[in-house]
file final33.pdb (PDB, C-alpha atoms)
ATOM      1  CA  MET A   1     -25.615 -72.223  26.264
ATOM      2  CA  GLY A   2     -24.623 -73.696  29.618
ATOM      3  CA  ARG A   3     -28.063 -72.902  31.011
ATOM      4  CA  TYR A   4     -29.703 -74.650  28.075
ATOM      5  CA  LEU A   5     -27.616 -77.799  28.561
ATOM      6  CA  PHE A   6     -28.309 -77.714  32.317
ATOM      7  CA  HIS A   7     -32.064 -77.789  31.695
ATOM      8  CA  ARG A   8     -31.676 -80.590  29.150
ATOM      9  CA  THR A   9     -29.570 -82.567  31.632
ATOM     10  CA  TRP A  10     -32.086 -82.526  34.481
ATOM     11  CA  GLN A  11     -34.881 -83.327  32.041
ATOM     12  CA  SER A  12     -32.839 -86.327  30.946
ATOM     13  CA  LEU A  13     -32.418 -87.435  34.556
ATOM     14  CA  VAL A  14     -36.180 -87.296  35.058
ATOM     15  CA  THR A  15     -36.560 -89.379  31.896
ATOM     16  CA  LEU A  16     -34.184 -92.000  33.292
ATOM     17  CA  VAL A  17     -36.127 -92.217  36.561
ATOM     18  CA  LEU A  18     -39.445 -92.640  34.759
ATOM     19  CA  ALA A  19     -37.884 -95.196  32.427
ATOM     20  CA  SER A  20     -36.599 -97.229  35.385
ATOM     21  CA  VAL A  21     -40.131 -97.341  36.829
ATOM     22  CA  VAL A  22     -41.645 -98.422  33.506
ATOM     23  CA  VAL A  23     -38.978-101.077  32.997
ATOM     24  CA  PHE A  24     -39.365-102.393  36.542
ATOM     25  CA  LEU A  25     -43.147-102.751  36.239
ATOM     26  CA  GLY A  26     -43.064-103.951  32.640
ATOM     27  CA  VAL A  27     -40.620-106.761  33.334
ATOM     28  CA  ARG A  28     -42.755-108.025  36.212
ATOM     29  CA  ALA A  29     -45.811-107.963  33.982
ATOM     30  CA  LEU A  30     -44.250-110.552  31.692
ATOM     31  CA  PRO A  31     -45.885-113.981  31.849
ATOM     32  CA  GLY A  32     -43.937-116.701  33.585
ATOM     33  CA  ASP A  33     -42.191-117.142  36.909
ATOM     34  CA  PRO A  34     -38.390-116.682  37.136
ATOM     35  CA  ALA A  35     -38.362-118.696  40.363
ATOM     36  CA  LEU A  36     -39.933-121.620  38.503
ATOM     37  CA  ALA A  37     -37.400-121.251  35.689
ATOM     38  CA  LEU A  38     -34.563-121.333  38.205
ATOM     39  CA  ALA A  39     -35.880-124.118  40.461
ATOM     40  CA  GLY A  40     -37.215-126.319  37.671
ATOM     41  CA  GLU A  41     -40.623-127.660  36.736
ATOM     42  CA  GLU A  42     -40.530-130.365  39.433
ATOM     43  CA  ALA A  43     -39.739-127.996  42.306
ATOM     44  CA  THR A  44     -41.878-128.200  45.417
ATOM     45  CA  PRO A  45     -43.816-125.192  46.764
ATOM     46  CA  GLU A  46     -41.271-124.915  49.587
ATOM     47  CA  GLN A  47     -38.384-124.771  47.106
ATOM     48  CA  LEU A  48     -40.182-122.151  45.021
ATOM     49  CA  ALA A  49     -40.833-120.062  48.134
ATOM     50  CA  ALA A  50     -37.157-120.278  49.079
ATOM     51  CA  VAL A  51     -36.083-119.170  45.599
ATOM     52  CA  ARG A  52     -38.541-116.245  45.629
ATOM     53  CA  ALA A  53     -37.273-115.163  49.031
ATOM     54  CA  ASP A  54     -33.676-115.340  47.786
ATOM     55  CA  LEU A  55     -34.562-113.220  44.756
ATOM     56  CA  GLY A  56     -36.646-110.798  46.811
ATOM     57  CA  LEU A  57     -39.785-111.578  44.805
ATOM     58  CA  ASP A  58     -41.810-112.267  47.957
ATOM     59  CA  GLN A  59     -41.709-108.592  48.953
ATOM     60  CA  SER A  60     -43.994-105.770  47.828
ATOM     61  CA  LEU A  61     -43.306-103.922  44.568
ATOM     62  CA  PRO A  62     -42.263-100.634  46.250
ATOM     63  CA  VAL A  63     -39.720-102.525  48.381
ATOM     64  CA  GLN A  64     -38.421-104.400  45.346
ATOM     65  CA  TYR A  65     -38.113-101.159  43.385
ATOM     66  CA  GLY A  66     -36.274 -99.453  46.251
ATOM     67  CA  ARG A  67     -33.779-102.309  46.425
ATOM     68  CA  TYR A  68     -33.426-102.252  42.653
ATOM     69  CA  VAL A  69     -32.661 -98.510  42.525
ATOM     70  CA  GLY A  70     -30.278 -98.737  45.483
ATOM     71  CA  ASN A  71     -28.335-101.571  43.873
ATOM     72  CA  LEU A  72     -28.360 -99.725  40.534
ATOM     73  CA  LEU A  73     -26.822 -96.603  42.083
ATOM     74  CA  ARG A  74     -24.063 -98.756  43.598
ATOM     75  CA  GLY A  75     -23.372-100.377  40.241
ATOM     76  CA  ASP A  76     -24.835-103.714  41.346
ATOM     77  CA  LEU A  77     -27.012-105.025  38.512
ATOM     78  CA  GLY A  78     -27.811-108.290  40.280
ATOM     79  CA  GLU A  79     -27.226-111.844  39.161
ATOM     80  CA  SER A  80     -28.588-113.689  36.165
ATOM     81  CA  VAL A  81     -31.248-116.254  37.002
ATOM     82  CA  ARG A  82     -30.238-118.282  33.974
ATOM     83  CA  THR A  83     -26.468-118.501  34.475
ATOM     84  CA  GLY A  84     -25.907-117.294  38.037
ATOM     85  CA  GLN A  85     -23.262-114.840  36.843
ATOM     86  CA  PRO A  86     -23.250-111.159  37.807
ATOM     87  CA  VAL A  87     -25.218-109.169  35.236
ATOM     88  CA  ALA A  88     -22.475-106.536  35.163
ATOM     89  CA  ASP A  89     -20.031-109.173  33.905
ATOM     90  CA  LEU A  90     -22.458-110.358  31.220
ATOM     91  CA  VAL A  91     -23.062-106.789  30.032
ATOM     92  CA  ALA A  92     -19.340-106.009  30.082
ATOM     93  CA  THR A  93     -18.700-109.065  27.895
ATOM     94  CA  THR A  94     -21.461-108.509  25.341
ATOM     95  CA  LEU A  95     -21.645-104.711  25.175
ATOM     96  CA  PRO A  96     -18.353-104.231  23.249
ATOM     97  CA  VAL A  97     -19.608-106.559  20.504
ATOM     98  CA  THR A  98     -22.792-104.538  20.008
ATOM     99  CA  ALA A  99     -20.902-101.265  20.353
ATOM    100  CA  TRP A 100     -18.396-102.127  17.599
ATOM    101  CA  LEU A 101     -21.190-103.449  15.359
ATOM    102  CA  SER A 102     -23.349-100.338  15.920
ATOM    103  CA  LEU A 103     -20.428 -97.987  15.316
ATOM    104  CA  TYR A 104     -19.487 -99.714  12.072
ATOM    105  CA  ALA A 105     -23.139 -99.808  10.945
ATOM    106  CA  MET A 106     -23.591 -96.110  11.693
ATOM    107  CA  VAL A 107     -20.488 -95.222   9.680
ATOM    108  CA  VAL A 108     -21.937 -97.206   6.778
ATOM    109  CA  ALA A 109     -25.321 -95.515   7.174
ATOM    110  CA  VAL A 110     -23.898 -91.969   7.368
ATOM    111  CA  VAL A 111     -21.492 -92.385   4.449
ATOM    112  CA  LEU A 112     -24.079 -93.994   2.173
ATOM    113  CA  GLY A 113     -27.053 -91.937   3.349
ATOM    114  CA  VAL A 114     -25.523 -88.462   3.379
ATOM    115  CA  GLY A 115     -23.516 -89.071   0.206
ATOM    116  CA  ALA A 116     -26.456 -90.440  -1.766
ATOM    117  CA  GLY A 117     -28.810 -87.770  -0.399
ATOM    118  CA  VAL A 118     -26.502 -84.960  -1.497
ATOM    119  CA  VAL A 119     -26.141 -86.506  -4.957
ATOM    120  CA  ALA A 120     -29.918 -86.836  -5.288
ATOM    121  CA  ALA A 121     -30.442 -83.179  -4.326
ATOM    122  CA  VAL A 122     -27.710 -81.799  -6.575
ATOM    123  CA  ARG A 123     -28.799 -83.985  -9.525
ATOM    124  CA  ARG A 124     -32.487 -83.277  -9.090
ATOM    125  CA  GLY A 125     -34.629 -84.438 -12.005
ATOM    126  CA  ARG A 126     -31.876 -86.692 -13.390
ATOM    127  CA  TRP A 127     -31.312 -90.426 -13.258
ATOM    128  CA  GLN A 128     -29.172 -90.113 -10.116
ATOM    129  CA  GLU A 129     -32.123 -88.809  -8.107
ATOM    130  CA  TRP A 130     -34.352 -91.569  -9.447
ATOM    131  CA  ALA A 131     -31.775 -94.223  -8.542
ATOM    132  CA  VAL A 132     -31.313 -92.895  -4.992
ATOM    133  CA  SER A 133     -35.068 -92.593  -4.378
ATOM    134  CA  SER A 134     -35.736 -96.097  -5.697
ATOM    135  CA  THR A 135     -32.924 -97.566  -3.617
ATOM    136  CA  SER A 136     -34.130 -95.886  -0.425
ATOM    137  CA  VAL A 137     -37.680 -97.152  -0.936
ATOM    138  CA  LEU A 138     -36.367-100.667  -1.600
ATOM    139  CA  LEU A 139     -34.194-100.679   1.530
ATOM    140  CA  LEU A 140     -37.072 -99.412   3.666
ATOM    141  CA  SER A 141     -39.459-102.017   2.268
ATOM    142  CA  VAL A 142     -37.297-105.123   2.564
ATOM    143  CA  PRO A 143     -36.932-106.556   6.114
ATOM    144  CA  SER A 144     -33.387-106.515   7.453
ATOM    145  CA  PHE A 145     -33.522-110.180   8.453
ATOM    146  CA  TRP A 146     -34.245-111.153   4.834
ATOM    147  CA  ILE A 147     -31.296-109.057   3.630
ATOM    148  CA  GLY A 148     -29.139-110.746   6.274
ATOM    149  CA  ILE A 149     -30.161-114.246   5.238
ATOM    150  CA  LEU A 150     -29.617-113.381   1.578
ATOM    151  CA  ALA A 151     -26.191-111.894   2.375
ATOM    152  CA  VAL A 152     -25.173-115.069   4.220
ATOM    153  CA  LEU A 153     -26.342-117.224   1.335
ATOM    154  CA  VAL A 154     -24.668-115.224  -1.454
ATOM    155  CA  LEU A 155     -21.595-113.595   0.102
ATOM    156  CA  ALA A 156     -20.692-116.291   2.620
ATOM    157  CA  VAL A 157     -21.935-119.614   1.236
ATOM    158  CA  TRP A 158     -21.772-119.138  -2.532
ATOM    159  CA  LEU A 159     -18.903-116.676  -2.949
ATOM    160  CA  GLY A 160     -17.041-117.218   0.318
ATOM    161  CA  LEU A 161     -16.101-113.550   0.608
ATOM    162  CA  PHE A 162     -17.068-113.156   4.273
ATOM    163  CA  PRO A 163     -17.581-115.534   7.199
ATOM    164  CA  ALA A 164     -21.166-116.510   7.949
ATOM    165  CA  SER A 165     -20.701-116.188  11.702
ATOM    166  CA  GLY A 166     -18.155-115.529  14.429
ATOM    167  CA  TYR A 167     -16.612-112.503  16.084
ATOM    168  CA  VAL A 168     -13.086-111.190  16.619
ATOM    169  CA  SER A 169     -12.407-108.141  18.767
ATOM    170  CA  PRO A 170     -10.899-105.172  16.888
ATOM    171  CA  LEU A 171      -8.480-104.767  19.788
ATOM    172  CA  GLU A 172      -7.038-108.236  19.118
ATOM    173  CA  ASP A 173      -6.928-108.330  15.306
ATOM    174  CA  PRO A 174      -8.348-105.252  13.515
ATOM    175  CA  LEU A 175      -8.260-106.764  10.030
ATOM    176  CA  ARG A 176     -10.001-110.000  11.003
ATOM    177  CA  ALA A 177     -12.510-108.028  13.066
ATOM    178  CA  LEU A 178     -13.281-105.846  10.046
ATOM    179  CA  TRP A 179     -13.699-108.981   7.929
ATOM    180  CA  HIS A 180     -16.159-110.527  10.400
ATOM    181  CA  LEU A 181     -18.176-107.337  11.042
ATOM    182  CA  THR A 182     -18.450-106.010   7.472
ATOM    183  CA  MET A 183     -21.423-108.103   6.397
ATOM    184  CA  PRO A 184     -23.565-107.657   9.559
ATOM    185  CA  ALA A 185     -22.680-103.950   9.698
ATOM    186  CA  PHE A 186     -23.846-103.405   6.126
ATOM    187  CA  VAL A 187     -27.048-105.357   6.778
ATOM    188  CA  LEU A 188     -27.732-103.302   9.905
ATOM    189  CA  GLY A 189     -26.687 -99.993   8.353
ATOM    190  CA  THR A 190     -28.501-100.169   5.021
ATOM    191  CA  ALA A 191     -31.989 -99.684   6.469
ATOM    192  CA  ILE A 192     -30.787 -96.657   8.450
ATOM    193  CA  SER A 193     -28.978 -95.285   5.411
ATOM    194  CA  ALA A 194     -32.294 -95.242   3.528
ATOM    195  CA  VAL A 195     -33.829 -92.950   6.171
ATOM    196  CA  VAL A 196     -30.750 -90.716   6.134
ATOM    197  CA  MET A 197     -30.837 -90.597   2.310
ATOM    198  CA  ARG A 198     -34.395 -89.332   2.167
ATOM    199  CA  GLN A 199     -33.930 -86.812   4.957
ATOM    200  CA  THR A 200     -30.665 -85.477   3.525
ATOM    201  CA  ARG A 201     -32.194 -85.092   0.073
ATOM    202  CA  ALA A 202     -35.263 -83.240   1.414
ATOM    203  CA  SER A 203     -33.185 -80.958   3.634
ATOM    204  CA  MET A 204     -30.668 -80.224   0.876
ATOM    205  CA  LEU A 205     -33.407 -79.346  -1.632
ATOM    206  CA  GLU A 206     -34.860 -76.855   0.810
ATOM    207  CA  THR A 207     -31.459 -75.346   1.595
ATOM    208  CA  LEU A 208     -30.348 -75.067  -2.047
ATOM    209  CA  SER A 209     -33.345 -72.855  -2.788
ATOM    210  CA  ALA A 210     -32.604 -70.493   0.117
ATOM    211  CA  ASP A 211     -31.642 -66.849  -0.477
ATOM    212  CA  TYR A 212     -28.212 -67.100   1.155
ATOM    213  CA  VAL A 213     -27.238 -69.949  -1.189
ATOM    214  CA  ARG A 214     -28.272 -67.896  -4.226
ATOM    215  CA  THR A 215     -26.296 -64.942  -2.824
ATOM    216  CA  ALA A 216     -23.214 -67.124  -2.395
ATOM    217  CA  ARG A 217     -23.507 -68.273  -5.987
ATOM    218  CA  ALA A 218     -23.964 -64.688  -7.169
ATOM    219  CA  LYS A 219     -20.715 -63.747  -5.439
ATOM    220  CA  GLY A 220     -18.897 -66.164  -7.717
ATOM    221  CA  LEU A 221     -18.024 -68.811  -5.127
ATOM    222  CA  SER A 222     -17.199 -72.227  -6.508
ATOM    223  CA  PRO A 223     -20.038 -74.799  -6.540
ATOM    224  CA  ARG A 224     -18.071 -77.078  -4.196
ATOM    225  CA  ARG A 225     -17.651 -74.299  -1.619
ATOM    226  CA  VAL A 226     -21.306 -73.277  -1.845
ATOM    227  CA  LEU A 227     -22.371 -76.888  -1.437
ATOM    228  CA  GLY A 228     -20.072 -77.694   1.472
ATOM    229  CA  ARG A 229     -19.950 -74.464   3.456
ATOM    230  CA  TYR A 230     -23.479 -73.134   3.005
ATOM    231  CA  ALA A 231     -25.870 -75.828   1.819
ATOM    232  CA  LEU A 232     -24.639 -79.014   3.475
ATOM    233  CA  ARG A 233     -23.777 -77.488   6.839
ATOM    234  CA  ASN A 234     -27.225 -75.956   7.283
ATOM    235  CA  SER A 235     -28.906 -79.131   6.060
ATOM    236  CA  LEU A 236     -27.112 -81.208   8.694
ATOM    237  CA  VAL A 237     -29.144 -79.679  11.536
ATOM    238  CA  VAL A 238     -32.108 -81.873  10.619
ATOM    239  CA  VAL A 239     -29.972 -84.800   9.498
ATOM    240  CA  VAL A 240     -28.110 -84.929  12.818
ATOM    241  CA  THR A 241     -31.444 -85.353  14.611
ATOM    242  CA  VAL A 242     -32.361 -88.283  12.393
ATOM    243  CA  ILE A 243     -28.939 -89.872  12.827
ATOM    244  CA  GLY A 244     -29.144 -89.486  16.607
ATOM    245  CA  LEU A 245     -32.530 -91.195  16.773
ATOM    246  CA  GLN A 246     -31.430 -93.964  14.425
ATOM    247  CA  LEU A 247     -28.258 -94.553  16.434
ATOM    248  CA  GLY A 248     -30.361 -95.500  19.429
ATOM    249  CA  GLY A 249     -32.443 -97.775  17.226
ATOM    250  CA  LEU A 250     -29.351 -99.723  16.256
ATOM    251  CA  ILE A 251     -29.491-101.562  19.584
ATOM    252  CA  SER A 252     -32.947-102.963  18.830
ATOM    253  CA  GLY A 253     -31.927-103.786  15.267
ATOM    254  CA  ALA A 254     -28.865-105.587  16.545
ATOM    255  CA  VAL A 255     -31.069-108.251  18.175
ATOM    256  CA  VAL A 256     -32.025-109.767  14.810
ATOM    257  CA  THR A 257     -28.654-109.142  13.165
ATOM    258  CA  GLU A 258     -26.669-110.720  15.986
ATOM    259  CA  ARG A 259     -28.932-113.768  15.906
ATOM    260  CA  ILE A 260     -28.486-114.219  12.147
ATOM    261  CA  PHE A 261     -24.700-113.852  12.199
ATOM    262  CA  GLY A 262     -24.086-115.587  15.525
ATOM    263  CA  LEU A 263     -22.558-112.553  17.249
ATOM    264  CA  PRO A 264     -22.314-112.775  21.066
ATOM    265  CA  GLY A 265     -23.643-109.264  21.619
ATOM    266  CA  LEU A 266     -26.115-107.406  23.794
ATOM    267  CA  GLY A 267     -29.049-108.154  21.508
ATOM    268  CA  ARG A 268     -28.517-111.876  21.746
ATOM    269  CA  LEU A 269     -28.176-111.609  25.531
ATOM    270  CA  THR A 270     -31.471-109.706  25.708
ATOM    271  CA  LEU A 271     -33.310-112.252  23.593
ATOM    272  CA  ASP A 272     -32.112-115.139  25.745
ATOM    273  CA  ALA A 273     -33.089-113.215  28.884
ATOM    274  CA  VAL A 274     -36.634-112.622  27.594
ATOM    275  CA  PHE A 275     -37.097-116.318  26.839
ATOM    276  CA  THR A 276     -35.962-117.326  30.349
ATOM    277  CA  ARG A 277     -37.681-114.443  32.220
ATOM    278  CA  ASP A 278     -34.332-113.240  33.536
ATOM    279  CA  TYR A 279     -35.489-110.072  35.302
ATOM    280  CA  ALA A 280     -32.075-108.743  36.247
ATOM    281  CA  VAL A 281     -30.641-109.004  32.733
ATOM    282  CA  ILE A 282     -33.711-107.480  31.048
ATOM    283  CA  GLN A 283     -33.785-104.555  33.473
ATOM    284  CA  ALA A 284     -30.067-103.871  33.107
ATOM    285  CA  VAL A 285     -30.150-103.948  29.310
ATOM    286  CA  VAL A 286     -33.242-101.745  28.951
ATOM    287  CA  VAL A 287     -31.956 -99.158  31.438
ATOM    288  CA  LEU A 288     -28.612 -99.171  29.642
ATOM    289  CA  VAL A 289     -30.288 -98.615  26.266
ATOM    290  CA  THR A 290     -32.434 -95.836  27.753
ATOM    291  CA  ALA A 291     -29.336 -94.118  29.146
ATOM    292  CA  PHE A 292     -27.742 -94.485  25.720
ATOM    293  CA  TYR A 293     -30.723 -92.753  24.105
ATOM    294  CA  VAL A 294     -30.530 -89.916  26.626
ATOM    295  CA  VAL A 295     -26.806 -89.386  26.083
ATOM    296  CA  ILE A 296     -27.287 -89.382  22.306
ATOM    297  CA  ASN A 297     -30.044 -86.768  22.587
ATOM    298  CA  LEU A 298     -27.820 -84.560  24.742
ATOM    299  CA  ALA A 299     -25.004 -84.908  22.224
ATOM    300  CA  VAL A 300     -27.389 -83.965  19.409
ATOM    301  CA  ASP A 301     -28.504 -80.862  21.327
ATOM    302  CA  ALA A 302     -24.874 -79.864  21.811
ATOM    303  CA  LEU A 303     -24.164 -80.351  18.104
ATOM    304  CA  TYR A 304     -27.048 -78.038  17.236
ATOM    305  CA  SER A 305     -25.149 -75.090  18.701
ATOM    306  CA  LEU A 306     -22.136 -75.887  16.538
ATOM    307  CA  LEU A 307     -24.092 -76.320  13.314
ATOM    308  CA  ASP A 308     -26.657 -73.538  13.762
ATOM    309  CA  PRO A 309     -25.671 -70.246  15.495
ATOM    310  CA  ARG A 310     -29.356 -69.457  16.058
ATOM    311  CA  VAL A 311     -29.485 -72.212  18.688
ATOM    312  CA  ARG A 312     -26.685 -70.506  20.655
ATOM    313  CA  VAL A 313     -28.537 -67.184  20.512
ATOM    314  CA  GLU A 314     -31.833 -68.683  21.678
ATOM    315  CA  ALA A 315     -30.064 -70.646  24.423
TER
END
call {"tool": "encode", "arguments": {"input": "final33.pdb", "output": "structure tokens"}}
result
Amino acid sequence: MGRYLFHRTWQSLVTLVLASVVVFLGVRALPGDPALALAGEEATPEQLAAVRADLGLDQSLPVQYGRYVGNLLRGDLGESVRTGQPVADLVATTLPVTAWLSLYAMVVAVVLGVGAGVVAAVRRGRWQEWAVSSTSVLLLSVPSFWIGILAVLVLAVWLGLFPASGYVSPLEDPLRALWHLTMPAFVLGTAISAVVMRQTRASMLETLSADYVRTARAKGLSPRRVLGRYALRNSLVVVVTVIGLQLGGLISGAVVTERIFGLPGLGRLTLDAVFTRDYAVIQAVVVLVTAFYVVINLAVDALYSLLDPRVRVEA
């Protein structure tokens, strides 16, 4: 098992290196000049040259990449062209907002998706399965931004149940934080829950028809024990993969959700950085998201060995 995780770890490190190269080149391929955005439209050629020299943009790409990697290894993410603040401070301020929102949204997605998927599989051919399948198709078809706008209009403006915008840290006031994050978390989590629903249902249907499940029933075990110990646990191997991939996708989904609900998170920071061609911020955010994906994939691989003994044997 340790050997298996070692190989997955160095493969992940190679992925991070390749991702840093792609991000570095991709950001510089964006149209626009960050030096012009910083110096202003009326800047002289001499002023633009001075700004480029200060930012290191007058050097060759290999030299710029070497400086970028060296600073990254030291924890120096550079300074924002737009605000002049250290990028590390901006990320440290906005990352907790996105992290709390993503965590809450994933809890919503797992509870709704796994629960509804199990119900649809157990009640196959009945109205429960039809309701779950129809709901999942509807949630996958409707854009999340439209659901967010509709939620603001109905739940915030008409009914006044939740605030339309604003953020409170759970470390300061947990109840108010829950009140502010409930609506955006449900909007962000519903689309993911639809994917989890369908995958859980398909995996459960396959597992319920397996020989070991029929043997467990023949032994006289209670339906709840057969469902929980034998069927659901073996079905979660595939579901965990889907959840891991969707968890990384929450960061990209948070861009739209944070804009709709006025949350000062990482997605909003990224969007502002793209509009202003803020190289340092874009690079830091994308590398951070890539590292998040890699860590999630490693965690999923580790969970495989706990859920499926065959993975431990093969490893």
call {"tool": "resolve_selection", "arguments": {"input": "final33.pdb", "expression": "the PyMOL selection byres ((chain A and resi 284-293) around 7)", "output": "PyMOL selection string"}}
result
chain A and resi 16+20+77+248+270+280-283+294-297
call {"tool": "resolve_selection", "arguments": {"input": "final33.pdb", "expression": "the PyMOL selection byres ((chain A and resi 268) around 12)", "output": "JSON list (two decimals) with C-alpha atoms, keeping the file's coordinate frame"}}
result
[["chain", "number", "residue", "atom", "x", "y", "z"],
["A", 90, "LEU", "CA", -22.46, -110.36, 31.22],
["A", 91, "VAL", "CA", -23.06, -106.79, 30.03],
["A", 93, "THR", "CA", -18.70, -109.06, 27.90],
["A", 94, "THR", "CA", -21.46, -108.51, 25.34],
["A", 95, "LEU", "CA", -21.64, -104.71, 25.18],
["A", 97, "VAL", "CA", -19.61, -106.56, 20.50],
["A", 98, "THR", "CA", -22.79, -104.54, 20.01],
["A", 251, "ILE", "CA", -29.49, -101.56, 19.58],
["A", 252, "SER", "CA", -32.95, -102.96, 18.83],
["A", 253, "GLY", "CA", -31.93, -103.79, 15.27],
["A", 254, "ALA", "CA", -28.86, -105.59, 16.55],
["A", 255, "VAL", "CA", -31.07, -108.25, 18.18],
["A", 256, "VAL", "CA", -32.02, -109.77, 14.81],
["A", 257, "THR", "CA", -28.65, -109.14, 13.16],
["A", 258, "GLU", "CA", -26.67, -110.72, 15.99],
["A", 259, "ARG", "CA", -28.93, -113.77, 15.91],
["A", 260, "ILE", "CA", -28.49, -114.22, 12.15],
["A", 261, "PHE", "CA", -24.70, -113.85, 12.20],
["A", 262, "GLY", "CA", -24.09, -115.59, 15.52],
["A", 263, "LEU", "CA", -22.56, -112.55, 17.25],
["A", 264, "PRO", "CA", -22.31, -112.78, 21.07],
["A", 265, "GLY", "CA", -23.64, -109.26, 21.62],
["A", 266, "LEU", "CA", -26.12, -107.41, 23.79],
["A", 267, "GLY", "CA", -29.05, -108.15, 21.51],
["A", 269, "LEU", "CA", -28.18, -111.61, 25.53],
["A", 270, "THR", "CA", -31.47, -109.71, 25.71],
["A", 271, "LEU", "CA", -33.31, -112.25, 23.59],
["A", 272, "ASP", "CA", -32.11, -115.14, 25.74],
["A", 273, "ALA", "CA", -33.09, -113.22, 28.88],
["A", 274, "VAL", "CA", -36.63, -112.62, 27.59],
["A", 275, "PHE", "CA", -37.10, -116.32, 26.84],
["A", 281, "VAL", "CA", -30.64, -109.00, 32.73],
["A", 282, "ILE", "CA", -33.71, -107.48, 31.05],
["A", 285, "VAL", "CA", -30.15, -103.95, 29.31]]
call {"tool": "atom_distance", "arguments": {"input": "final33.pdb", "atom1": "CA of Val14 in chain A", "atom2": "CA of Pro31 in chain A"}}
result
28.6 Å
call {"tool": "closest_residue", "arguments": {"input": "final33.pdb", "among": "A:Tyr279, A:Phe145, A:Tyr212, A:Phe186", "to": "Leu103 in chain A", "atoms": "all atoms listed in the file"}}
result
A:Phe186
call {"tool": "resolve_selection", "arguments": {"input": "final33.pdb", "expression": "the PyMOL selection byres ((chain A and resi 227) around 10)", "output": "list in words"}}
result
Val118, Val122, Met204, Thr207, Leu208, Val213, Ala216, Arg217, Leu221, Ser222, Pro223, Arg224, Arg225, Val226, Gly228, Arg229, Tyr230, Ala231, Leu232 and Arg233 of chain A
call {"tool": "atom_distance", "arguments": {"input": "final33.pdb", "atom1": "CA of Arg67 in chain A", "atom2": "CA of Val21 in chain A"}}
result
12.5 Å
call {"tool": "axis_aligned_box", "arguments": {"input": "final33.pdb", "around": "range 124-130 of chain A", "padding_each_side": "3 Å", "output": "AutoDock Vina command-line options"}}
result
--center_x -31.9 --center_y -87.4 --center_z -10.7 --size_x 11.5 --size_y 14.3 --size_z 11.3
call {"tool": "residues_around", "arguments": {"input": "final33.pdb", "residues": "Leu139 in chain A", "least_positions_apart": "5", "cutoff": "12 Å", "atoms": "only C-alpha atoms", "output": "VMD selection string"}}
result
chain A and resid 109 113 132 to 134 144 to 147 186 to 198
call {"tool": "atom_distance", "arguments": {"input": "final33.pdb", "atom1": "CA of Ala164 in chain A", "atom2": "CA of His180 in chain A"}}
result
8.2 Å
call {"tool": "closest_residue", "arguments": {"input": "final33.pdb", "among": "A:Asn71, A:Leu55, A:Asp211, A:Ala116", "to": "Gly84 in chain A", "atoms": "all atoms listed in the file"}}
result
A:Leu55
